[in-house]
Amino acid sequence: MSTTSSGVQPRPGDPAITPALVAEHGITPFEYDKLLGLLGREPTFTELGIVSALWSEHCSYKHSRPVLKTLPTTAPYVLQGPGENAGVISVGDGWAVAFKIESHNHPSAVEPYQGAATGVGGILRDVFTMGARPIAMLNSLRFGSLDTPRVRWLVSGVVKGIGDYGNCIGVPTVAGDVMFDPAYEGNPLVNAMCVGIMREEELITAKAEGVGNPILAVGARTGRDGIHGASFASEDLSDENEAKRPRVQVGDPFTEKLLLEASLELIRSGHIVAIQDMGAAGLTSSSAEMAERGDVGVVIDVTKVPVREEGMTPYEILLSESQERMLVVAKRGHEDAAKAILRKWDLQAEVIGEVIAEPVYRVVEGDRIVAEFPGSRLVTECPQYHPEARESAVIAGLRATDPHAVAERSEESDASWTLCELLSSPTIASKRWIYRQYDSQVRTSTVVGPGMADAAVVRLRGTNKALALKTDCNSRYVYLDPRMGGRIAVAEAARNVACTGGRPMAITNCLNFGNPKKPEVFFQFREAVHGMGDACRALGTPVTGGNVSLYNENPQGAVFPTPTIGMVGLIDDIAHITRSSFTTPGDSIVQLGSSTNELGASEYLARVHGVTIGAVPVVDLDHEKRLVDLLLSMIAGGHVRSAHDLSEGGFAVALAECCMGDREAMLGASVDLSDVTLESERALLWGEAQGRVLVSTGAPDAVLTAAAAH
Amino acid sequence: MKFGIVTFPGSNCDVDAVHAITDQLGQTAVSLWHRDHDTQGCDVLILPGGFSYGDALRAGAIARFSPIMQEVVAHAERGAPVIGICNGFQILCESHLLPGALMRNAGLKFVCDWVHLRVEGAAPMFLNSYQPGQVLRMPVAHGEGRFVADESTLDSLEGHGQVVFRYCDPAGIVTAESNPNGALRGIAGITNAAGNVLGMMPHPERAVESLLGSTDGLPLFESLLARVGA
Amino acid sequence: MSRFRVSVHIVPRKGLLDPQGKAVTDALHTLGFGDVDDTRIGRHLVLDVKADSAAAAEVSVTAMCDKLLANPVTEDYEIVSTVTA
Amino acid sequence: MSRFRVSVHIVPRKGLLDPQGKAVTDALHTLGFGDVDDTRIGRHLVLDVKADSAAAAEVSVTAMCDKLLANPVTEDYEIVSTVTA
Ligand SMILES: Nc1ncnc2c1ncn2[C@@H]1O[C@H](COP(=O)(O)OP(=O)(O)O)[C@@H](O)[C@H]1O
Ligand SMILES: [Mg+2]
């Protein structure tokens, strides 16, 4: 294999580089100039493909990085912050938790089953390439109205895709959240989160190291599927995309299961120095990023890559997004031992390249150099933008609209009519029809599965501890007031985790927004991220990683801005695990936090009146922090039999959920609200004032005393 | 007593079975690799749940040909206990150690839920520690769990006490609503004629700890201890 | 109107990964059928349709394939026969 | 040796409940294809096999069906065509 530079040669048959071809690759004239500067010459067709992938929004974060830099990322227990395949925190006793969330919105809009399935596959690989064994999956979904056949088709495909993949690989899907709103009609959101555990010393990163070390392609063969998926995920969805369908990738959870077991065995074996998923932009981005992190050069020979189809060009091999593939840097001389482990799991591995001292990223096809870039500058010097941000006057107007001015419908004179209307809203109603299709119990560690509490609880075998896990984001709030909405997304996730007895530790996040080049969208993005940062700082939950998905829009408009939060909490003692439904007749019901006259941005207004208006409820982050502490101390003190946070639908809906949550043992409740004096009865019942939790207790005095002290 | 739990490519409840046997039952459990022929002197062999070979073609169709299956057959022919759970049940049917077949759920969807089961039949090896007619609560998690066989096979299974678990409501009554997959005659688990090979769709190894919601699976394993003599 | 029996093949699109076919090919090799180079696993549908003519029945089934039966993104379909039922 | 492409139908045995076929018929009705009376869904396998003759290829595929491809309890199979590939 040629490891010295002898000049890049275009391949016979490559198309000529024209402005039209450059544009087709999504590279702007400004970016092309930058590329010419980097190379000092015209790129080859192969190089153009590589650059278009690496500089796509999906891989380069070119519009989002400066804003993301403002997020807090540190805490004494953070072992790995943003920048790696997944974030990692220590949970004590030598155990570490790796977790990350990722979107597969665009692929799922085109082919919901495969799109969602491969999304699950990708996030699983991100976690087990850190050395962690995946122990739980979560999913956060957003769809248009369930009334249209197309949306029902999307939902059933997405749910089946998530289920089939997770069920087959044997990682339980334990929690999630789903919201339906016309804002997602053309652009569903499919975010999947994976959580894994490992011993702290087993942590491994994706850093190419050691000149002379061989680079191996492991797992599935490379086919023509998904070529340019990364640039696809960086464009608006239009009818034209219908024609781009061959880009769809097919998932193979069986191969992934083998890859999972083999990778963990490889990592523990000491034969390798680094491992990385070939995710978006496949071999290109995995090899370039590994080289950049390790500050070394790499050479890859595409003729050594096992392919599924004949006649594949270097361009296709480099950009294929065939699933279930890994890039591994082995220790020199250990490649055969590594291959033996893979063979045991019926997997293929081939040496396709080498780590080199010369600081170049070089791709060869036998003797011919088909692409070569100076050092890691392709990754580090990708273009960055600071787009204009301006709030939409229309949205500001909606926010300023007084929700109390919305006239009551006549049926509302009977509050139980309104309650039924809200309980039957697909966003509020039980998601059992979804999560029954997910194996939530495999690995026999799911103490609290979907539907049983505000967050899922997964015990850490061999310890007395458990993790509390939840995804959340009320995007209606973010739409009307991105700063406040960003704060609430984090606060609600923290509240949910605390209701189960877990201390909020850290978050991962998936930022689903529209086209960042539109000032109105970039405003939402910037403000929502700042809001998240505010809440993370106040609650002490650093951001350890995440994913940005932009261009979630179509000619009808953008989705609600949706910064999905994936929260990990730690329960110190499994005896403290708390569920959300009432357990014991005769218990007292106590509301922590105060109700207010706030009615804006509520599910009530959306469901009953069809409007998204009004001021978003104000979240007091200091109060949220104290609420979390109060919950944890009361739960540890043994005073709380159930805890449920008040969210969509407000007090009345939360109370109903506490009564009906346990399908096998439903209870009733009787409450007296005559002492609560609010101007608006609607706000009392359906308003979504923040910082409130309903607890049931056999010791109401102890609860009230503790609450007063906080 | 020594339990051997087979790992096929794609098995994913193998580790859970090992934990159930060692952590909850206090017995010895070893993992057996599908390509091996050595059953390491195990008294009981368990084919665990999961998606062997990704359920390609039909669940269990390919795993049945793994080398270890020759030893499983020999073990069964000696009259020693074999348990197939979920995918393991599918493998046992595919290898004709048990009659019938498991087809796609009638609802066409994967179902993960708690079900109730009525204990019946005459298989003391597995049922000794249960009361006849006892109602159990256990998880199911499968997409191809609809037990089918022709009428005469079904009659014969029932006539010989080989139907050991049936889906029922919490009161023990067999109803269509309590049947998660449309299995004929509500059948959730059967044994072979000799009563030493058990196949069941529900997961007893997931029902061995009150922390996880049920301990109704424990007596199944305890029956074996009492019978074979630890 | 008469009744026609229309037979349709739906197969995974060429070039897309067919994990099931791959697993079956590997299994056949293990079982000693080394001469199998490739297996593709699709579906075979038989539809009984009322229509004025065989041609009309096929037009109708084509529409069904486009709309529901085949996944336009990942599968190709072919009407293989139409007979009176 | 030449290469043959053998096409096999594997169908659920008659008399067994076919929930999938029923679900598809119902969905077709909902979509306005009311003239569909019945849908049966089976598997369609296409195997590329090296063999000395078409007949030998079919013998080989028959053995594969008996051993692995079809479940005798629930399915019937039929080799529908064999062409040189
Ligand atoms: N897509 C999903 N997958 C798995 N579980 C889900 C999903 N959506 C909702 N759930 C579960 O349903 C329950 C209710 O969810 P949600 O309405 O978001 O709760 P809350 O309003 O208390 O935050 C939770 O236990 C949640 O984990
Ligand atoms: Mg919620």
# chains A, B, ... in the order shown; residues from 1 in each chain; ligands from 1

call {"tool": "residues_around", "arguments": {"residues": "Lys22 (chain D)", "least_positions_apart": "5", "cutoff": "9 Å", "atoms": "only C-alpha atoms", "output": "short mmCIF file (atom, residue, chain, number, x, y, z; two decimals) with all heavy atoms, in the first residue's frame"}}
result
data_model
loop_
_atom_site.label_atom_id
_atom_site.label_comp_id
_atom_site.auth_asym_id
_atom_site.auth_seq_id
_atom_site.Cartn_x
_atom_site.Cartn_y
_atom_site.Cartn_z
N LEU D 17 -55.26 -19.87 10.09
CA LEU D 17 -55.60 -18.46 10.13
C LEU D 17 -54.47 -17.66 9.47
O LEU D 17 -53.30 -17.88 9.74
CB LEU D 17 -55.74 -18.04 11.59
CG LEU D 17 -56.03 -16.58 11.90
CD1 LEU D 17 -57.45 -16.24 11.49
CD2 LEU D 17 -55.84 -16.32 13.38
N ALA D 27 -57.22 -3.46 4.68
CA ALA D 27 -56.58 -2.18 4.35
C ALA D 27 -56.89 -1.78 2.92
O ALA D 27 -57.13 -0.60 2.63
CB ALA D 27 -55.07 -2.29 4.55
N ASP D 38 -60.16 -11.40 -1.48
CA ASP D 38 -59.30 -12.23 -0.65
C ASP D 38 -57.84 -11.97 -1.02
O ASP D 38 -57.51 -11.71 -2.17
CB ASP D 38 -59.66 -13.71 -0.90
CG ASP D 38 -58.90 -14.62 0.04
OD1 ASP D 38 -58.74 -14.25 1.22
OD2 ASP D 38 -58.45 -15.70 -0.41
N THR D 39 -56.97 -12.03 -0.02
CA THR D 39 -55.54 -11.88 -0.27
C THR D 39 -54.81 -12.98 0.50
O THR D 39 -55.08 -13.18 1.68
CB THR D 39 -55.02 -10.52 0.28
OG1 THR D 39 -55.92 -9.49 -0.12
CG2 THR D 39 -53.62 -10.23 -0.22
N ARG D 40 -53.96 -13.68 -0.18
CA ARG D 40 -53.11 -14.64 0.54
C ARG D 40 -51.66 -14.23 0.38
O ARG D 40 -51.25 -13.82 -0.71
CB ARG D 40 -53.33 -16.06 0.03
CG ARG D 40 -54.28 -16.86 0.95
CD ARG D 40 -55.09 -17.87 0.20
NE ARG D 40 -55.82 -17.21 -0.87
CZ ARG D 40 -55.92 -17.66 -2.12
NH1 ARG D 40 -55.33 -18.77 -2.46
NH2 ARG D 40 -56.62 -16.99 -3.01
#

call {"tool": "residues_near_ligand", "arguments": {"ligand": "ligand 1", "cutoff": "9 Å", "atoms": "only C-alpha atoms and all ligand atoms", "output": "VMD selection string"}}
result
chain A and resid 137 to 141 159 173 to 179 427 to 432 434 to 436 438 440 448 to 456 469 to 473 492 to 493 495 to 496 580 644 to 649 654 657

call {"tool": "calpha_fit_rmsd", "arguments": {"fixed": "chain C", "moving": "chain D"}}
result
0.7 Å

call {"tool": "closest_residue", "arguments": {"among": "D:Asn71, D:Met64, D:Asp76, D:Val11", "to": "Ala59 (chain B)", "atoms": "only C-alpha atoms"}}
result
D:Asn71

call {"tool": "residues_around", "arguments": {"residues": "Glu354 (chain A)", "least_positions_apart": "5", "cutoff": "7 Å", "atoms": "only C-alpha atoms", "output": "ChimeraX atom specification"}}
result
/A:212-215,298-300

call {"tool": "select_by_dssp", "arguments": {"residues": "region 466-685 of chain A", "states": "strand (DSSP E or B)", "output": "count of residues only"}}
result
48

call {"tool": "closest_atom_pairs", "arguments": {"of": "chain B", "to": "chain A", "cutoff": "9 Å", "atoms": "only C-alpha atoms", "output": "CSV"}}
result
residue,atom,partner,partner_atom,distance
B:Pro9,CA,A:Leu258,CA,6.9
B:Gly10,CA,A:Phe254,CA,6.0
B:Ser11,CA,A:Gly170,CA,8.1
B:Asn12,CA,A:Gly170,CA,5.1
B:Cys13,CA,A:Val442,CA,6.5
B:Asp14,CA,A:Arg443,CA,9.0
B:Val15,CA,A:Arg443,CA,7.2
B:Asp16,CA,A:Arg443,CA,5.6
B:His19,CA,A:Thr444,CA,8.7
B:Gly50,CA,A:Cys168,CA,6.7
B:Phe51,CA,A:Cys168,CA,5.5
B:Ser52,CA,A:Phe254,CA,8.0
B:Tyr53,CA,A:Phe254,CA,6.4
B:Gly54,CA,A:Phe254,CA,4.7
B:Asp55,CA,A:Cys168,CA,8.5
B:Lys109,CA,A:Gln437,CA,6.6
B:Phe110,CA,A:Gln437,CA,4.9
B:Val111,CA,A:Gln437,CA,5.1
B:Cys112,CA,A:Arg436,CA,5.0
B:Asp113,CA,A:Arg436,CA,6.3
B:Pro139,CA,A:Gln441,CA,8.2
B:Val140,CA,A:Asp439,CA,8.8
B:Ala141,CA,A:Asp439,CA,5.9
B:His142,CA,A:Asp439,CA,8.1
B:Gly143,CA,A:Gln437,CA,8.8
B:Glu205,CA,A:Thr444,CA,8.3
B:Arg206,CA,A:Thr444,CA,5.9
B:Ala207,CA,A:Thr444,CA,8.8
B:Leu211,CA,A:Val447,CA,6.4
B:Leu212,CA,A:Val447,CA,5.2
B:Gly213,CA,A:Val447,CA,7.8

call {"tool": "write_last_selection", "arguments": {"atoms": "N, CA and C atoms", "output": "PDB file, in the first residue's frame"}}
result
ATOM      1  N   PRO B   9     -26.175 -17.250  17.997  1.00  0.00           N
ATOM      2  CA  PRO B   9     -26.005 -15.866  17.524  1.00  0.00           C
ATOM      3  C   PRO B   9     -27.374 -15.192  17.515  1.00  0.00           C
ATOM      4  N   GLY B  10     -27.518 -14.135  18.257  1.00  0.00           N
ATOM      5  CA  GLY B  10     -28.810 -13.448  18.321  1.00  0.00           C
ATOM      6  C   GLY B  10     -29.627 -13.771  19.553  1.00  0.00           C
ATOM      7  N   SER B  11     -29.178 -14.718  20.379  1.00  0.00           N
ATOM      8  CA  SER B  11     -29.849 -14.932  21.675  1.00  0.00           C
ATOM      9  C   SER B  11     -29.695 -13.667  22.489  1.00  0.00           C
ATOM     10  N   ASN B  12     -30.724 -13.270  23.221  1.00  0.00           N
ATOM     11  CA  ASN B  12     -30.515 -12.111  24.084  1.00  0.00           C
ATOM     12  C   ASN B  12     -31.111 -12.239  25.479  1.00  0.00           C
ATOM     13  N   CYS B  13     -31.727 -13.371  25.785  1.00  0.00           N
ATOM     14  CA  CYS B  13     -32.196 -13.583  27.158  1.00  0.00           C
ATOM     15  C   CYS B  13     -31.312 -14.598  27.863  1.00  0.00           C
ATOM     16  N   ASP B  14     -30.190 -14.955  27.231  1.00  0.00           N
ATOM     17  CA  ASP B  14     -29.293 -15.947  27.825  1.00  0.00           C
ATOM     18  C   ASP B  14     -28.718 -15.454  29.146  1.00  0.00           C
ATOM     19  N   VAL B  15     -28.321 -14.186  29.164  1.00  0.00           N
ATOM     20  CA  VAL B  15     -27.724 -13.638  30.378  1.00  0.00           C
ATOM     21  C   VAL B  15     -28.763 -13.558  31.498  1.00  0.00           C
ATOM     22  N   ASP B  16     -30.009 -13.228  31.125  1.00  0.00           N
ATOM     23  CA  ASP B  16     -31.065 -13.147  32.124  1.00  0.00           C
ATOM     24  C   ASP B  16     -31.297 -14.516  32.770  1.00  0.00           C
ATOM     25  N   HIS B  19     -28.573 -15.207  35.237  1.00  0.00           N
ATOM     26  CA  HIS B  19     -28.791 -14.473  36.489  1.00  0.00           C
ATOM     27  C   HIS B  19     -29.890 -15.113  37.319  1.00  0.00           C
ATOM     28  N   GLY B  50     -34.772 -14.604  22.538  1.00  0.00           N
ATOM     29  CA  GLY B  50     -33.955 -13.746  21.699  1.00  0.00           C
ATOM     30  C   GLY B  50     -34.366 -13.871  20.253  1.00  0.00           C
ATOM     31  N   PHE B  51     -33.459 -13.521  19.381  1.00  0.00           N
ATOM     32  CA  PHE B  51     -33.732 -13.555  17.944  1.00  0.00           C
ATOM     33  C   PHE B  51     -32.587 -14.285  17.266  1.00  0.00           C
ATOM     34  N   SER B  52     -32.495 -15.607  17.484  1.00  0.00           N
ATOM     35  CA  SER B  52     -31.399 -16.343  16.882  1.00  0.00           C
ATOM     36  C   SER B  52     -31.444 -16.141  15.371  1.00  0.00           C
ATOM     37  N   TYR B  53     -30.308 -15.831  14.801  1.00  0.00           N
ATOM     38  CA  TYR B  53     -30.185 -15.562  13.357  1.00  0.00           C
ATOM     39  C   TYR B  53     -31.205 -14.524  12.887  1.00  0.00           C
ATOM     40  N   GLY B  54     -31.522 -13.604  13.776  1.00  0.00           N
ATOM     41  CA  GLY B  54     -32.397 -12.501  13.392  1.00  0.00           C
ATOM     42  C   GLY B  54     -33.796 -12.949  13.010  1.00  0.00           C
ATOM     43  N   ASP B  55     -34.192 -14.141  13.432  1.00  0.00           N
ATOM     44  CA  ASP B  55     -35.520 -14.666  13.066  1.00  0.00           C
ATOM     45  C   ASP B  55     -35.674 -14.784  11.550  1.00  0.00           C
ATOM     46  N   LYS B 109     -48.520  -7.670  15.625  1.00  0.00           N
ATOM     47  CA  LYS B 109     -47.549  -6.788  16.266  1.00  0.00           C
ATOM     48  C   LYS B 109     -46.803  -7.550  17.346  1.00  0.00           C
ATOM     49  N   PHE B 110     -45.580  -7.108  17.594  1.00  0.00           N
ATOM     50  CA  PHE B 110     -44.829  -7.593  18.742  1.00  0.00           C
ATOM     51  C   PHE B 110     -45.592  -7.195  20.004  1.00  0.00           C
ATOM     52  N   VAL B 111     -45.638  -8.077  20.976  1.00  0.00           N
ATOM     53  CA  VAL B 111     -46.344  -7.764  22.225  1.00  0.00           C
ATOM     54  C   VAL B 111     -45.417  -7.965  23.404  1.00  0.00           C
ATOM     55  N   CYS B 112     -45.206  -6.885  24.170  1.00  0.00           N
ATOM     56  CA  CYS B 112     -44.486  -6.989  25.439  1.00  0.00           C
ATOM     57  C   CYS B 112     -45.465  -6.572  26.522  1.00  0.00           C
ATOM     58  N   ASP B 113     -45.785  -7.475  27.419  1.00  0.00           N
ATOM     59  CA  ASP B 113     -46.799  -7.162  28.425  1.00  0.00           C
ATOM     60  C   ASP B 113     -46.750  -8.216  29.521  1.00  0.00           C
ATOM     61  N   PRO B 139     -44.204 -12.024  32.327  1.00  0.00           N
ATOM     62  CA  PRO B 139     -44.104 -11.223  31.105  1.00  0.00           C
ATOM     63  C   PRO B 139     -44.078 -12.082  29.838  1.00  0.00           C
ATOM     64  N   VAL B 140     -44.607 -11.518  28.760  1.00  0.00           N
ATOM     65  CA  VAL B 140     -44.366 -12.063  27.427  1.00  0.00           C
ATOM     66  C   VAL B 140     -43.701 -10.960  26.614  1.00  0.00           C
ATOM     67  N   ALA B 141     -42.939 -11.352  25.616  1.00  0.00           N
ATOM     68  CA  ALA B 141     -42.329 -10.380  24.702  1.00  0.00           C
ATOM     69  C   ALA B 141     -41.978 -11.125  23.427  1.00  0.00           C
ATOM     70  N   HIS B 142     -42.879 -11.101  22.478  1.00  0.00           N
ATOM     71  CA  HIS B 142     -42.619 -11.833  21.240  1.00  0.00           C
ATOM     72  C   HIS B 142     -43.491 -11.331  20.097  1.00  0.00           C
ATOM     73  N   GLY B 143     -43.044 -11.619  18.895  1.00  0.00           N
ATOM     74  CA  GLY B 143     -43.817 -11.286  17.704  1.00  0.00           C
ATOM     75  C   GLY B 143     -44.363 -12.515  17.008  1.00  0.00           C
ATOM     76  N   GLU B 205     -37.917 -16.622  33.485  1.00  0.00           N
ATOM     77  CA  GLU B 205     -36.667 -16.058  34.017  1.00  0.00           C
ATOM     78  C   GLU B 205     -36.784 -14.561  34.270  1.00  0.00           C
ATOM     79  N   ARG B 206     -37.859 -13.944  33.766  1.00  0.00           N
ATOM     80  CA  ARG B 206     -38.100 -12.521  34.072  1.00  0.00           C
ATOM     81  C   ARG B 206     -39.015 -12.373  35.285  1.00  0.00           C
ATOM     82  N   ALA B 207     -39.441 -13.484  35.853  1.00  0.00           N
ATOM     83  CA  ALA B 207     -40.384 -13.429  36.970  1.00  0.00           C
ATOM     84  C   ALA B 207     -39.787 -14.159  38.159  1.00  0.00           C
ATOM     85  N   LEU B 211     -38.653  -7.290  43.005  1.00  0.00           N
ATOM     86  CA  LEU B 211     -38.252  -5.960  42.530  1.00  0.00           C
ATOM     87  C   LEU B 211     -38.726  -5.732  41.098  1.00  0.00           C
ATOM     88  N   LEU B 212     -38.757  -6.798  40.311  1.00  0.00           N
ATOM     89  CA  LEU B 212     -39.140  -6.665  38.901  1.00  0.00           C
ATOM     90  C   LEU B 212     -40.605  -7.046  38.670  1.00  0.00           C
ATOM     91  N   GLY B 213     -41.344  -7.280  39.740  1.00  0.00           N
ATOM     92  CA  GLY B 213     -42.791  -7.396  39.571  1.00  0.00           C
ATOM     93  C   GLY B 213     -43.406  -8.767  39.754  1.00  0.00           C
TER      94      GLY B 213
END

call {"tool": "interface_residues", "arguments": {"of": "chain B", "to": "chain D", "cutoff": "7 Å", "atoms": "only C-alpha atoms", "output": "list in words"}}
result
Ala61, Gly100, Ala101, Ala106 and Leu108 of chain B

call {"tool": "decode", "arguments": {"residues": "region 322-361 of chain A", "atoms": "C-alpha atoms", "output": "mmCIF file, in the first residue's frame"}}
result
data_model
loop_
_atom_site.group_PDB
_atom_site.id
_atom_site.type_symbol
_atom_site.label_atom_id
_atom_site.label_comp_id
_atom_site.auth_asym_id
_atom_site.auth_seq_id
_atom_site.Cartn_x
_atom_site.Cartn_y
_atom_site.Cartn_z
ATOM 1 C CA SER A 322 -24.260 0.888 4.762
ATOM 2 C CA GLN A 323 -25.144 0.061 8.326
ATOM 3 C CA GLU A 324 -23.542 -2.127 10.970
ATOM 4 C CA ARG A 325 -19.939 -1.263 10.106
ATOM 5 C CA MET A 326 -17.076 -0.193 12.356
ATOM 6 C CA LEU A 327 -13.645 1.235 11.858
ATOM 7 C CA VAL A 328 -11.043 -0.199 14.232
ATOM 8 C CA VAL A 329 -7.442 0.771 14.844
ATOM 9 C CA ALA A 330 -5.667 -2.343 16.059
ATOM 10 C CA LYS A 331 -2.283 -2.584 17.709
ATOM 11 C CA ARG A 332 0.352 -3.498 15.172
ATOM 12 C CA GLY A 333 0.866 -7.248 15.189
ATOM 13 C CA HIS A 334 -2.465 -7.864 16.890
ATOM 14 C CA GLU A 335 -4.606 -7.804 13.761
ATOM 15 C CA ASP A 336 -4.912 -11.567 13.570
ATOM 16 C CA ALA A 337 -5.958 -11.853 17.203
ATOM 17 C CA ALA A 338 -8.545 -9.154 16.575
ATOM 18 C CA LYS A 339 -9.796 -10.948 13.483
ATOM 19 C CA ALA A 340 -10.134 -14.194 15.426
ATOM 20 C CA ILE A 341 -12.518 -12.533 17.872
ATOM 21 C CA LEU A 342 -14.586 -11.207 15.007
ATOM 22 C CA ARG A 343 -14.663 -14.589 13.286
ATOM 23 C CA LYS A 344 -16.048 -16.165 16.443
ATOM 24 C CA TRP A 345 -19.026 -13.861 15.956
ATOM 25 C CA ASP A 346 -19.283 -14.674 12.232
ATOM 26 C CA LEU A 347 -18.044 -11.193 11.344
ATOM 27 C CA GLN A 348 -15.667 -10.098 8.670
ATOM 28 C CA ALA A 349 -12.691 -7.808 9.232
ATOM 29 C CA GLU A 350 -10.159 -6.566 6.710
ATOM 30 C CA VAL A 351 -7.140 -4.339 7.084
ATOM 31 C CA ILE A 352 -7.922 -1.352 4.877
ATOM 32 C CA GLY A 353 -5.340 1.181 5.950
ATOM 33 C CA GLU A 354 -2.745 2.375 8.366
ATOM 34 C CA VAL A 355 -1.925 5.172 10.748
ATOM 35 C CA ILE A 356 0.945 7.246 9.311
ATOM 36 C CA ALA A 357 3.233 9.925 10.659
ATOM 37 C CA GLU A 358 2.818 12.268 7.712
ATOM 38 C CA PRO A 359 -0.058 14.579 8.644
ATOM 39 C CA VAL A 360 -2.281 13.787 5.679
ATOM 40 C CA TYR A 361 -5.617 12.154 5.098
#
